[in-house]
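Chemist: The structure is given below, and queries will be raised subsequently.
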Amino acid sequence: MTVLDIITYPDARLKQVADEVKMFDSGLLEFIQNLEETMAAGPGGVGIAATQVGVMQRIAIVDVSNYPKIKKAKHHGHLILINPEIVDWQGMKKGREGCMSVPDFTGNVIRAENIILNALDENGKQQEYEMEGFEARAVQHEIDHLDGLLFLDRLVSRRNDLFKRKYKD
Amino acid sequence: MTETKNKWFMVTLIGKDQPGIVSHVTAALYDGGGNLGETSMMRLGGNFSIMMMVEFSGRTKELHDVLSTVTDSLDLHLHIDQIDAKLHEHRIPDVRISVYGADRAGIVSKVTAVLAEAGLNILDLESDVAGDKDKPLYIMHIEGEASEGVKALESALQIVKEEHGVDAQLVEIDTLIG
């Protein structure tokens with residue numbers, strides 16, 4: 001297995017839309033292993049998109065199980081997401097994000113709190129996941145990469161946050 | 001990025017708000033060989049305030065001369081300090097605290113004293129006076145590090161609420177690095 005190089009902004013590939021995966025072969029499995037290794041070696045370790053290593057294919061890995069404060073019952077552990085698509089979402093919540101492709105910066109981003117996600121697994125089998133909170137946030141962050149978006153495209157200001165929250169409640 | 005031998009200065013500018021302050025000031029800096037680092041710029045009470053890290057190879061007096069024409073014309077008060085500074089030193093806050101209540105003297109000092117005692121290191125604080133003239137409302141947002149844990153801060157906030165009659169909430173910040 002190989003730790004791949006993470007590309008960082010302003011690399012233009014981070015702003016490109018990735019292609020759908022059509023071939024489920026040994027090459028794909030090998031790439032997923034390398035992507036896995038790369039995610040584990042990075043500072044976050046909860047998610048990575050193929051785009052971040054310069055491979056423009058709709059492949060992401062999310063695994064929030066090692067995140068210190070995560071509640072056991074509320075996540076799916078290790079997920080390989082191929083051609084992922086969010087088919088339903090509910091609730092909006094602000095959280096802080098950073099990115100291996102944008103070092104030394106974190107900022108606040110609004111994400112859906114609950115999502116229903118359709119994706120193929122590494123064998124091309126259709127899966128559906130219902131997820132919430134931190135895991136749902138990680139998935140949205142990674143799918144954004146596949147669509148050529150960074151968390152920098154979704155930053156919100158801290159200021160006036162109190163009132164926004166009040167209107168919603 | 002290559003390491004440069006230039007010095008860092010903190011440039012503070014304050015004056016009555018008007019359109020064009022940022023563009024004029026930063027153009028003068030750019031033309032004079034200055035390089036911007038991190039900055040904070042905002043309107044406070046009808047004044048515009050700027051604090052910016054400026055990398056510059058000359059002396060304080062020379063940086064002053066680079067800026068003085070434009071700051072004089074915009075009627076901005078200019079202050080320059082040479083500072084010991086570095087970029088890429090961001091720290092990630094782990095708590096966000098909001099405090100609000102009827103405005104009265106001492107809210108910030110009392111609240112921050114209790115929180116400091118409980119281990120809060122403030123990285124960022126913004127506050128506003130809202131409401132109307134008869135019933136002003138004080139609103140404060142803090143992001144910081146809970147050096148003695150979140151529990152200690154939660155207990156401290158409870159004291160703040162009871163003793164000072166303000167509303168307050170603490171949210172733990174779980175930063176996702178994806």
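Simple scheme: letters A, B, ... for chains in structure tokens order, numbers from 1 for residues in each chain, numbers from 1 for ligands in the order shown.
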Compute the chain B side of the contact with chain A at 8 Å, counting only C-alpha atoms, and hand it back as a list in words.
Modeler: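 Within 8 Å of chain A on chain B, we get His88, Glu89, His90, Ile92, Ser98, Glu126, His141, Ile173, Asp174, Thr175, Leu176, Ile177 and Gly178 of chain B.
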Chemist: For the residues selected in the previous step, produce a file with N, CA and C atoms as a short mmCIF file (atom, residue, chain, number, x, y, z; two decimals), in the first residue's frame.
Modeler:
data_model
loop_
_atom_site.label_atom_id
_atom_site.label_comp_id
_atom_site.auth_asym_id
_atom_site.auth_seq_id
_atom_site.Cartn_x
_atom_site.Cartn_y
_atom_site.Cartn_z
N HIS B 88 0.88 31.13 9.87
CA HIS B 88 0.68 29.69 10.03
C HIS B 88 0.80 29.26 11.49
N GLU B 89 0.22 30.08 12.36
CA GLU B 89 0.23 29.81 13.79
C GLU B 89 -1.20 29.67 14.31
N HIS B 90 -2.13 29.32 13.43
CA HIS B 90 -3.53 29.23 13.86
C HIS B 90 -3.72 28.13 14.89
N ILE B 92 -6.80 25.92 16.87
CA ILE B 92 -8.19 25.53 16.62
C ILE B 92 -8.98 25.62 17.93
N SER B 98 -21.55 31.94 23.79
CA SER B 98 -22.33 33.15 23.51
C SER B 98 -22.92 33.63 24.81
N GLU B 126 -15.95 38.77 19.84
CA GLU B 126 -16.66 39.86 19.16
C GLU B 126 -17.85 40.21 20.01
N HIS B 141 -19.71 37.02 21.55
CA HIS B 141 -19.32 35.69 21.05
C HIS B 141 -17.86 35.47 21.32
N ILE B 173 -16.88 22.70 20.07
CA ILE B 173 -16.59 22.72 18.64
C ILE B 173 -15.85 21.44 18.27
N ASP B 174 -16.49 20.63 17.46
CA ASP B 174 -15.85 19.42 16.94
C ASP B 174 -15.37 19.74 15.55
N THR B 175 -14.10 19.94 15.39
CA THR B 175 -13.59 20.33 14.07
C THR B 175 -13.35 19.10 13.20
N LEU B 176 -13.99 19.12 12.05
CA LEU B 176 -13.85 18.03 11.10
C LEU B 176 -12.75 18.37 10.10
N ILE B 177 -11.73 17.54 10.03
CA ILE B 177 -10.70 17.77 9.01
C ILE B 177 -10.90 16.70 7.94
N GLY B 178 -11.42 17.09 6.81
CA GLY B 178 -11.79 16.11 5.79
C GLY B 178 -10.92 16.18 4.56
#
Chemist: Phe56 of chain B: which residues within 12 Å, counting only C-alpha atoms, same-chain residues fewer than 2 positions away excluded, as a ChimeraX atom specification?
Modeler: /B:4-11,29-37,53-54,58-64,66,80-83
Chemist: Taking into account only C-alpha atoms, which residue in the set A:Asn83, A:Gln33, A:Ser65, A:Thr51 is nearest to Thr8 of chain A?
Modeler: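 When distances to Thr8 of chain A are compared using only C-alpha atoms, the smallest one comes from A:Thr51.
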Chemist: Where in chain A does DSSP assign strand (DSSP E), given as a ChimeraX atom specification?
Modeler: /A:47-49,59-63,78-99,102-120,126-132
Chemist: Print the selection's residues with C-alpha atoms to a file, as a PDB file, in the first residue's frame.
Modeler:
ATOM      1  CA  GLY A  47     -12.633  11.276   5.540  1.00  0.00           C
ATOM      2  CA  ILE A  48     -10.944  11.623   2.196  1.00  0.00           C
ATOM      3  CA  ALA A  49     -12.055  12.054  -1.409  1.00  0.00           C
ATOM      4  CA  ILE A  59     -14.766   7.815  -4.682  1.00  0.00           C
ATOM      5  CA  ALA A  60     -14.647   8.769  -1.006  1.00  0.00           C
ATOM      6  CA  ILE A  61     -13.890   7.081   2.284  1.00  0.00           C
ATOM      7  CA  VAL A  62     -15.475   8.156   5.547  1.00  0.00           C
ATOM      8  CA  ASP A  63     -14.729   6.646   8.922  1.00  0.00           C
ATOM      9  CA  HIS A  78     -15.799   2.430   7.934  1.00  0.00           C
ATOM     10  CA  LEU A  79     -17.534   3.393   4.670  1.00  0.00           C
ATOM     11  CA  ILE A  80     -16.363   3.202   1.100  1.00  0.00           C
ATOM     12  CA  LEU A  81     -18.565   5.473  -0.968  1.00  0.00           C
ATOM     13  CA  ILE A  82     -18.595   5.187  -4.734  1.00  0.00           C
ATOM     14  CA  ASN A  83     -20.753   7.527  -6.821  1.00  0.00           C
ATOM     15  CA  PRO A  84     -22.381   8.755  -3.588  1.00  0.00           C
ATOM     16  CA  GLU A  85     -25.565  10.793  -3.718  1.00  0.00           C
ATOM     17  CA  ILE A  86     -27.492  12.483  -0.932  1.00  0.00           C
ATOM     18  CA  VAL A  87     -31.147  11.765  -1.658  1.00  0.00           C
ATOM     19  CA  ASP A  88     -32.761  13.420   1.356  1.00  0.00           C
ATOM     20  CA  TRP A  89     -31.657  15.867   4.029  1.00  0.00           C
ATOM     21  CA  GLN A  90     -33.068  17.638   7.032  1.00  0.00           C
ATOM     22  CA  GLY A  91     -32.038  20.231   9.594  1.00  0.00           C
ATOM     23  CA  MET A  92     -29.131  22.615   9.268  1.00  0.00           C
ATOM     24  CA  LYS A  93     -26.320  23.005  11.734  1.00  0.00           C
ATOM     25  CA  LYS A  94     -23.157  25.032  11.882  1.00  0.00           C
ATOM     26  CA  GLY A  95     -19.896  23.255  12.596  1.00  0.00           C
ATOM     27  CA  ARG A  96     -16.218  23.859  12.220  1.00  0.00           C
ATOM     28  CA  GLU A  97     -14.279  22.293   9.406  1.00  0.00           C
ATOM     29  CA  GLY A  98     -10.804  22.144   8.087  1.00  0.00           C
ATOM     30  CA  CYS A  99      -9.336  20.217   5.196  1.00  0.00           C
ATOM     31  CA  VAL A 102      -6.385  23.655   2.817  1.00  0.00           C
ATOM     32  CA  PRO A 103      -3.779  23.471   5.599  1.00  0.00           C
ATOM     33  CA  ASP A 104      -3.735  25.794   8.628  1.00  0.00           C
ATOM     34  CA  PHE A 105      -7.257  27.125   8.343  1.00  0.00           C
ATOM     35  CA  THR A 106     -10.557  26.160   9.905  1.00  0.00           C
ATOM     36  CA  GLY A 107     -13.908  27.846   9.557  1.00  0.00           C
ATOM     37  CA  ASN A 108     -17.595  27.505  10.187  1.00  0.00           C
ATOM     38  CA  VAL A 109     -19.821  25.790   7.650  1.00  0.00           C
ATOM     39  CA  ILE A 110     -23.537  24.984   7.640  1.00  0.00           C
ATOM     40  CA  ARG A 111     -24.409  21.367   6.817  1.00  0.00           C
ATOM     41  CA  ALA A 112     -27.537  19.240   6.901  1.00  0.00           C
ATOM     42  CA  GLU A 113     -27.840  17.430  10.213  1.00  0.00           C
ATOM     43  CA  ASN A 114     -29.580  14.302   8.948  1.00  0.00           C
ATOM     44  CA  ILE A 115     -29.080  12.803   5.522  1.00  0.00           C
ATOM     45  CA  ILE A 116     -30.035   9.736   3.554  1.00  0.00           C
ATOM     46  CA  LEU A 117     -27.147   8.655   1.380  1.00  0.00           C
ATOM     47  CA  ASN A 118     -27.108   6.299  -1.572  1.00  0.00           C
ATOM     48  CA  ALA A 119     -23.762   4.962  -2.697  1.00  0.00           C
ATOM     49  CA  LEU A 120     -22.175   1.932  -4.257  1.00  0.00           C
ATOM     50  CA  GLN A 126     -25.988  -0.311  -4.042  1.00  0.00           C
ATOM     51  CA  GLN A 127     -26.172   0.731  -0.369  1.00  0.00           C
ATOM     52  CA  GLU A 128     -28.331   3.171   1.511  1.00  0.00           C
ATOM     53  CA  TYR A 129     -27.332   4.850   4.777  1.00  0.00           C
ATOM     54  CA  GLU A 130     -29.229   7.073   7.152  1.00  0.00           C
ATOM     55  CA  MET A 131     -26.830   9.241   9.068  1.00  0.00           C
ATOM     56  CA  GLU A 132     -26.610  12.266  11.312  1.00  0.00           C
TER      57      GLU A 132
END
Chemist: Please measure the separation of atom CA of Met51 of chain B and atom CA of Ile14 of chain B, giving the value in Å to one decimal.
Modeler: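 Those two atoms sit 8.9 Å apart.
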Chemist: List as a list in words the protein and nucleic acid residues near segment 38-47 of chain B, meaning an atom at most 6 Å away when only C-alpha atoms are counted, but skip any in the same chain fewer than 3 places from it.
Modeler: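 Here the answer would be Gly15, Lys16, Asp17, Ile50, Met51, Met52 and Met53 of chain B.
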